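Q: Quick one: the structure is below, questions incoming.
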Amino acid sequence: MERRQFLGLALSTAAAPLAARTLPTIGVQLYTLRTVLPKKADETLKALEEMGFREAEVIGGQMDITWPALEKTKIKPVSLHLDTRLFTADKGQLPGKLEDAAKRGFEYVVCPYIAPQDRGGPEVMKRLGDTLNEAGTACEKIGLKLAYHNHAFEFEPAAGGGTLLDVLLKEADPNLVFLELDVMWVQVAGLTPADIIAKYGRRTHLMHLKNVASMEKRYNEQVPRESFREVGDGVIDMAATLRAAAKAGVKHYFVEQDHTPGDPLESLRKSIGYLKKLDY
């Protein structure tokens with residue numbers, strides 16, 4: 001190839017826009033449907049499959065209701081939220097729950113929530129990190145992975161620098177305890193989800209996708225019900241969030257909405273419809 005042709009080809013390639021991309025696989029957090037599933041599990045799971053959801057995160061407390069209906073679909077059960085007490089006060093029951101999760105084909109189990117009365121400063125978070133290390137070791141032995149799901153309180157500044165989540169993740173073994181980042185609660189704490197994803201990088205394996213209305217930052221869950229929004233309706237820049245997540249290597253994405261203005265299935269339909277069209 002002549003030098004002039006080579007330079008022309010190189011310049012045209014450099015000037016070409018990056019290929020647009022959309023999420024290849026979209027999952028759903030079934031907590032969104034916690035009031036619906038007990039009444040019509042089969043119908044609900046079938047509707048999710050028809051919408052295009054291909055993965056699911058299941059609530060441990062509704063396993064008996066959810067599992068038979070889930071098995072009738074092609075939706076893959078990827079992650080399981082277990083009762084937090086299994087990681088703390090009721091540790092003796094955890095091995096059986098982990099064995100059951102592994103047998104059902106789950107890849108992850110998640111410690112989903114720390115109750116306000118159990119929260120505290122850096123020392124409390126360090127102890128929680130040690131607790132999660134124990135659970136993460138038990139998970140690793142049977143082929144599971146453990147993740148921790150955040151709310152807003154973990155982003156409160158900690159004495160000595162950083163945030164409470166920084167303290168937790170420093171104490172927790174990065175090879176045993178991963179992060180399920182809930183982008184809405186990051187925003188509630190006054191931070192930018194894309195920045196937090198970049199900060200924790202490849203430690204973030206799972207992600208909750210949802211949005212929120214503009215509000216003053218807070219380090220608690222006292223968010224008005226009407227402020228919870230579908231993925232495409234709120235203050236979070238979802239395209240920037242997904243670009244950061246792709247760079248960090250996030251493995252699974254679950255659409256969730258804690259509260260919906262009406263039928264939660266319709267809210268999920270709006271969210272996945274938005275995601276299917278979103279080029280990032």
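Convention: chains lettered A, B, ... in structure tokens order; per-chain residue numbering from 1; ligands numbered from 1 as shown.
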Do a neighbour search on Asp195 (chain A) at 9 Å with only C-alpha atoms, toss out local chain neighbours closer than 5 positions, and write the hits as a PyMOL selection string.

A: chain A and resi 200+241+244

Q: What does the file look like for those residues with N, CA, C and O atoms, as a short mmCIF file (atom, residue, chain, number, x, y, z; two decimals), in the first residue's frame?

A:
data_model
loop_
_atom_site.label_atom_id
_atom_site.label_comp_id
_atom_site.auth_asym_id
_atom_site.auth_seq_id
_atom_site.Cartn_x
_atom_site.Cartn_y
_atom_site.Cartn_z
N TYR A 200 -14.20 1.91 42.50
CA TYR A 200 -14.10 0.53 42.96
C TYR A 200 -13.76 -0.46 41.85
O TYR A 200 -13.43 -1.61 42.11
N THR A 241 -23.22 6.15 33.34
CA THR A 241 -23.13 5.08 34.33
C THR A 241 -22.78 3.76 33.67
O THR A 241 -21.90 3.01 34.14
N ALA A 244 -19.17 3.61 32.39
CA ALA A 244 -18.24 3.35 33.50
C ALA A 244 -18.32 1.89 33.93
O ALA A 244 -17.30 1.25 34.23
#

Q: What's the 8 Å shell around Lys76 (chain A), counting only C-alpha atoms, without same-chain residues fewer than 6 positions away, as JSON, numbers by chain?

A: {"A": [54, 55, 56]}

Q: Could you check which of A:Leu128, A:Leu146, A:Ala194, A:Ala89 is closest to Glu107 (chain A), using only C-alpha atoms?

A: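 Of A:Leu128, A:Leu146, A:Ala194, A:Ala89, the one nearest Glu107 (chain A) is A:Leu146, counting only C-alpha atoms.
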
Q: Please measure the separation of CA of Lys199 (chain A) and CA of Ala135 (chain A), giving the value in Å to one decimal.

A: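 Pair CA of Lys199 (chain A) / CA of Ala135 (chain A) returns 24.4 Å.
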
Q: As an exercise, work out the distance from CA of Lys247 (chain A) to CA of Ile26 (chain A) in Å and give it to one decimal place.

A: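 A separation of 17.3 Å between them.
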
Q: Enumerate, in order of chain and increasing residue number, the residues of region 69-135 of chain A with an atom no farther than 12 Å from region 150-162 of chain A, each with its shortest atom pair and distance in Å to one decimal, counting only C-alpha atoms, as JSON lines.

A:
{"residue": "A:Val110", "atom": "CA", "partner": "A:Asn150", "partner_atom": "CA", "distance": 10.4}
{"residue": "A:Cys111", "atom": "CA", "partner": "A:Asn150", "partner_atom": "CA", "distance": 9.1}
{"residue": "A:Pro112", "atom": "CA", "partner": "A:Asn150", "partner_atom": "CA", "distance": 7.3}
{"residue": "A:Tyr113", "atom": "CA", "partner": "A:Asn150", "partner_atom": "CA", "distance": 7.2}
{"residue": "A:Ile114", "atom": "CA", "partner": "A:His151", "partner_atom": "CA", "distance": 8.7}
{"residue": "A:Ala115", "atom": "CA", "partner": "A:Phe153", "partner_atom": "CA", "distance": 10.4}
{"residue": "A:Pro116", "atom": "CA", "partner": "A:Phe153", "partner_atom": "CA", "distance": 9.0}
{"residue": "A:Asp118", "atom": "CA", "partner": "A:Phe153", "partner_atom": "CA", "distance": 11.8}
{"residue": "A:Arg119", "atom": "CA", "partner": "A:Phe153", "partner_atom": "CA", "distance": 8.6}
{"residue": "A:Gly120", "atom": "CA", "partner": "A:Phe153", "partner_atom": "CA", "distance": 9.6}
{"residue": "A:Gly121", "atom": "CA", "partner": "A:Ala158", "partner_atom": "CA", "distance": 6.8}
{"residue": "A:Pro122", "atom": "CA", "partner": "A:Ala158", "partner_atom": "CA", "distance": 6.4}
{"residue": "A:Glu123", "atom": "CA", "partner": "A:Ala159", "partner_atom": "CA", "distance": 10.1}
{"residue": "A:Val124", "atom": "CA", "partner": "A:Ala158", "partner_atom": "CA", "distance": 11.2}
{"residue": "A:Met125", "atom": "CA", "partner": "A:Glu154", "partner_atom": "CA", "distance": 9.0}
{"residue": "A:Lys126", "atom": "CA", "partner": "A:Ala158", "partner_atom": "CA", "distance": 11.7}

Q: Using only C-alpha atoms, which of the listed residues (A:Leu23, A:Phe87, A:Ala189, A:Gly129) sits closest to Ala245 (chain A)?

A: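 The answer is A:Leu23, which sits nearest to Ala245 (chain A).
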
Q: Report the residues of region 21-70 of chain A whose backbone DSSP state falls under strand (DSSP E), written as a list in words.

A: Gly27, Val28, Gln29, Glu55, Ala56, Glu57, Val58 and Ile59 of chain A

Q: Find the residue from A:Ala147, A:Leu30, A:Leu164, A:Val223 that sits nearest to Met63 (chain A); use only C-alpha atoms when measuring.

A: A:Leu30

Q: Which neighbours of Val250 (chain A) fall inside 8 Å, counting only C-alpha atoms, when residues of the same chain fewer than 6 positions from it are skipped, and could you give them as number ranges by chain?

A: A: 202, 204-207

Q: Could you tell me which of A:Ala102, A:Arg229, A:Leu70, A:Ile59 comes closest to Asp83 (chain A) if we count only C-alpha atoms?

A: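 Of all the options, A:Ile59 lies closest to Asp83 (chain A).
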
Q: CA of Arg21 (chain A) and CA of Gln187 (chain A) are how many Å apart?

A: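 Taking CA of Arg21 (chain A) as the start and CA of Gln187 (chain A) as the end point, the length is 24.1 Å.
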